Amino acid sequence: MNRWLKGTTTAFALLLCASPFLSGAKPAVMTNRQPPPAWTSHALIAHAMGSVDQNLYTNSLEAFQENYAKGYRVFEVDLQLTTDGYLVSRHDWGSYLYDRFEQSLPRTEMDKPLKLNQILKLPILGKYQAMSFEQIAELMQNYPDIWIVTDTKGTTPEEIRQQFSAIIRAAEGKEEVLARVIPQLYSRDMLAWVESVHSFSSYIYTLYQSKDSDEEVLDFVRANNRIDAVTIPGERVESLIPFISRLASLRVPVYANTINEAGAVRSLEAAGVYGFYSDSLTYKELDKKGLRLAARS
């Protein structure tokens, strides 16, 4: 059984406990939501492809390989547009990141996008490799049990359409992988901008950029049955327990980011959080501490 379905009983109990906070709120009635998609049976999402040799934010092929071996099947990846219209797995173009990754480049070429072949020729810390989305799509073909969560960071309609058009082009000839691409939305408007390019089967609404009220998020989720999860920063959980419970009543799990300590997982799970973006936690490590988050079908 999907772990999320098994967890809804606990979530409803939390909702009842939180009911004093919800006085006057309209009831959460859901009539059009489908059963949770397969990817939500996985409680852990590898943040920026996960750490590799304790190095963070590489978004690299090697990070994917290491964390796949540790049991991850859902991978978040940061994506940036290159000057020639491709997407590359990179957090941003800031000069600090070139320094951190020991990538030699004239200062005049930093703090702005490069061409794809330029950035791919710069190994990360001398040994790790960034990927184009074409390479990620090929990876998804070779690993049919993985899902990719996009962190494209764009906020304008034009930029978002460019980014997702690049994803669609990258998947030409292997369109089946698009069913396992899960866009993260940063605003309610972004859903229409993405859908103008391609209608994806599942979305995450991530709230770190959003100024939406709880009611606006809940109404958005009710109105769109492919919003299959909501992500919130871990530090906001304590103040949002009633909101998390109401999402649970809609059968929409909450993921927290970015969580790297088992103790934090225990506390957040008690508050109703279902899943966790992490750089380094593993199912095996959590299982040893009595936190049984291992993926179940």
# chains A, B, ... in the order shown; residues from 1 in each chain; ligands from 1

$ residues_around --residues "Val254 of chain A" --least-positions-apart "4" --cutoff "12 Å" --atoms "only C-alpha atoms" --output "PyMOL selection string"
chain A and resi 4+7-8+11+40+43-44+204-207+227-234+236-237+240-241+243-250+268-269+271-277

$ atom_distance --atom1 "atom CA of Ala270 of chain A" --atom2 "atom CA of Glu285 of chain A"
18.3 Å

$ select_by_dssp --residues "segment 14-220 of chain A" --states "alpha helix (DSSP H)" --output "count of residues only"
63

$ residues_around --residues "Gly71 of chain A" --least-positions-apart "6" --cutoff "12 Å" --atoms "only C-alpha atoms" --output "count of residues only"
21

$ closest_residue --among "A:Asp99, A:Glu215, A:Glu138, A:Asp84" --to "Leu61 of chain A" --atoms "only C-alpha atoms"
A:Glu138

$ residues_around --residues "segment 139-143 of chain A" --least-positions-apart "3" --cutoff "10 Å" --atoms "only C-alpha atoms" --output "number ranges by chain"
A: 61, 64, 68, 73, 131, 133-136, 146-148, 171, 174-178, 180-181

$ residues_around --residues "Glu235 of chain A" --least-positions-apart "3" --cutoff "9 Å" --atoms "only C-alpha atoms" --output "list in words"
Ile232, Glu238, Ser239, Ala256 and Asn257 of chain A

$ write_last_selection --atoms "N, CA and C atoms" --output "compact mmCIF listing (two decimals), in the first residue's frame"
# COMPACT_ATOMS: atom_id res chain seq x y z
N ILE A 232 7.17 22.94 1.85
CA ILE A 232 7.36 24.13 2.68
C ILE A 232 8.74 24.08 3.32
N GLU A 238 6.29 24.51 12.25
CA GLU A 238 5.62 24.65 13.55
C GLU A 238 4.44 25.62 13.48
N SER A 239 4.58 26.67 12.69
CA SER A 239 3.50 27.66 12.60
C SER A 239 2.41 27.25 11.62
N ALA A 256 8.98 18.73 3.42
CA ALA A 256 9.76 19.82 4.00
C ALA A 256 11.16 19.83 3.39
N ASN A 257 11.71 21.03 3.21
CA ASN A 257 13.08 21.14 2.72
C ASN A 257 13.85 22.18 3.53

$ residues_around --residues "Gln103 of chain A" --least-positions-apart "4" --cutoff "10 Å" --atoms "only C-alpha atoms" --output "PyMOL selection string"
chain A and resi 95+97-99+119+121-126

$ decode --residues "segment 124-241 of chain A" --atoms "C-alpha atoms" --output "CSV table (one decimal), in the first residue's frame"
chain,number,residue,atom,x,y,z
A,124,ILE,CA,32.9,20.4,-10.7
A,125,LEU,CA,35.7,20.1,-8.1
A,126,GLY,CA,37.8,18.5,-10.9
A,127,LYS,CA,35.8,15.3,-11.0
A,128,TYR,CA,32.0,15.7,-11.2
A,129,GLN,CA,29.9,16.4,-14.3
A,130,ALA,CA,26.9,18.7,-14.7
A,131,MET,CA,24.3,17.5,-17.2
A,132,SER,CA,22.2,19.0,-19.9
A,133,PHE,CA,18.5,18.1,-19.7
A,134,GLU,CA,19.1,15.9,-22.8
A,135,GLN,CA,21.5,13.9,-20.7
A,136,ILE,CA,19.0,13.8,-17.8
A,137,ALA,CA,16.3,12.5,-20.2
A,138,GLU,CA,18.6,9.8,-21.3
A,139,LEU,CA,19.3,8.9,-17.7
A,140,MET,CA,15.6,8.6,-17.1
A,141,GLN,CA,15.4,6.2,-20.0
A,142,ASN,CA,18.1,4.1,-18.5
A,143,TYR,CA,16.6,4.2,-15.0
A,144,PRO,CA,12.8,3.8,-15.6
A,145,ASP,CA,12.2,3.8,-11.8
A,146,ILE,CA,13.2,7.4,-11.1
A,147,TRP,CA,11.4,10.7,-11.1
A,148,ILE,CA,12.9,14.2,-11.6
A,149,VAL,CA,11.6,17.2,-9.7
A,150,THR,CA,12.5,20.4,-11.5
A,151,ASP,CA,13.8,23.5,-9.7
A,152,THR,CA,13.9,25.9,-12.6
A,153,LYS,CA,13.8,29.1,-10.5
A,154,GLY,CA,12.3,31.2,-13.2
A,155,THR,CA,9.5,33.6,-12.2
A,156,THR,CA,8.4,35.3,-15.4
A,157,PRO,CA,6.1,33.8,-18.0
A,158,GLU,CA,8.7,34.2,-20.8
A,159,GLU,CA,11.5,32.6,-18.8
A,160,ILE,CA,9.3,29.7,-17.6
A,161,ARG,CA,8.1,29.0,-21.2
A,162,GLN,CA,11.7,29.0,-22.4
A,163,GLN,CA,12.7,26.6,-19.7
A,164,PHE,CA,9.9,24.1,-20.2
A,165,SER,CA,10.2,24.3,-24.0
A,166,ALA,CA,13.8,23.3,-23.5
A,167,ILE,CA,12.7,20.3,-21.4
A,168,ILE,CA,10.2,19.2,-24.1
A,169,ARG,CA,12.9,19.6,-26.8
A,170,ALA,CA,15.3,17.6,-24.7
A,171,ALA,CA,12.8,14.7,-24.5
A,172,GLU,CA,12.3,14.4,-28.3
A,173,GLY,CA,12.4,10.7,-29.2
A,174,LYS,CA,11.9,9.7,-25.5
A,175,GLU,CA,8.7,11.5,-24.7
A,176,GLU,CA,7.7,8.7,-22.2
A,177,VAL,CA,10.1,10.2,-19.7
A,178,LEU,CA,7.9,13.4,-19.4
A,179,ALA,CA,5.4,11.3,-17.3
A,180,ARG,CA,8.2,11.2,-14.7
A,181,VAL,CA,9.1,14.9,-14.7
A,182,ILE,CA,7.4,16.7,-11.8
A,183,PRO,CA,7.6,20.5,-12.1
A,184,GLN,CA,7.8,22.6,-9.0
A,185,LEU,CA,5.5,25.6,-9.2
A,186,TYR,CA,6.5,28.8,-7.4
A,187,SER,CA,3.2,30.6,-7.9
A,188,ARG,CA,-0.4,29.8,-8.9
A,189,ASP,CA,0.1,31.6,-12.2
A,190,MET,CA,3.0,29.4,-13.0
A,191,LEU,CA,0.7,26.4,-13.6
A,192,ALA,CA,-0.9,28.1,-16.7
A,193,TRP,CA,2.5,29.2,-18.0
A,194,VAL,CA,3.9,25.6,-17.8
A,195,GLU,CA,0.7,24.1,-19.2
A,196,SER,CA,0.9,26.4,-22.2
A,197,VAL,CA,4.0,24.4,-23.1
A,198,HIS,CA,3.1,20.9,-21.9
A,199,SER,CA,0.5,19.4,-19.6
A,200,PHE,CA,2.5,17.3,-17.0
A,201,SER,CA,0.9,14.5,-15.1
A,202,SER,CA,1.9,15.7,-11.6
A,203,TYR,CA,3.0,19.0,-10.0
A,204,ILE,CA,4.5,20.1,-6.6
A,205,TYR,CA,3.5,23.6,-5.3
A,206,THR,CA,6.6,24.8,-3.4
A,207,LEU,CA,6.0,27.8,-1.1
A,208,TYR,CA,9.4,29.2,-0.5
A,209,GLN,CA,8.7,32.1,-2.9
A,210,SER,CA,5.0,32.2,-2.5
A,211,LYS,CA,3.1,35.0,-0.6
A,212,ASP,CA,-0.2,33.1,-0.8
A,213,SER,CA,-2.3,32.7,2.3
A,214,ASP,CA,-3.2,29.3,3.5
A,215,GLU,CA,-6.7,29.6,2.0
A,216,GLU,CA,-5.3,30.6,-1.4
A,217,VAL,CA,-3.1,27.5,-1.4
A,218,LEU,CA,-5.9,25.2,-0.3
A,219,ASP,CA,-8.2,26.6,-3.0
A,220,PHE,CA,-5.5,26.2,-5.6
A,221,VAL,CA,-5.0,22.6,-4.6
A,222,ARG,CA,-8.8,21.9,-4.5
A,223,ALA,CA,-9.1,23.3,-8.0
A,224,ASN,CA,-6.2,21.4,-9.6
A,225,ASN,CA,-6.2,17.7,-9.0
A,226,ARG,CA,-2.6,17.3,-10.4
A,227,ILE,CA,-1.1,19.3,-7.5
A,228,ASP,CA,0.0,16.2,-5.8
A,229,ALA,CA,2.2,17.7,-3.0
A,230,VAL,CA,3.1,20.9,-1.3
A,231,THR,CA,6.6,21.8,-0.2
A,232,ILE,CA,7.4,24.1,2.7
A,233,PRO,CA,10.6,25.2,4.4
A,234,GLY,CA,11.3,23.1,7.4
A,235,GLU,CA,11.6,26.2,9.7
A,236,ARG,CA,7.9,27.1,8.9
A,237,VAL,CA,6.4,23.8,9.9
A,238,GLU,CA,5.6,24.7,13.5
A,239,SER,CA,3.5,27.7,12.6
A,240,LEU,CA,1.7,25.7,9.9
A,241,ILE,CA,0.4,22.6,11.6
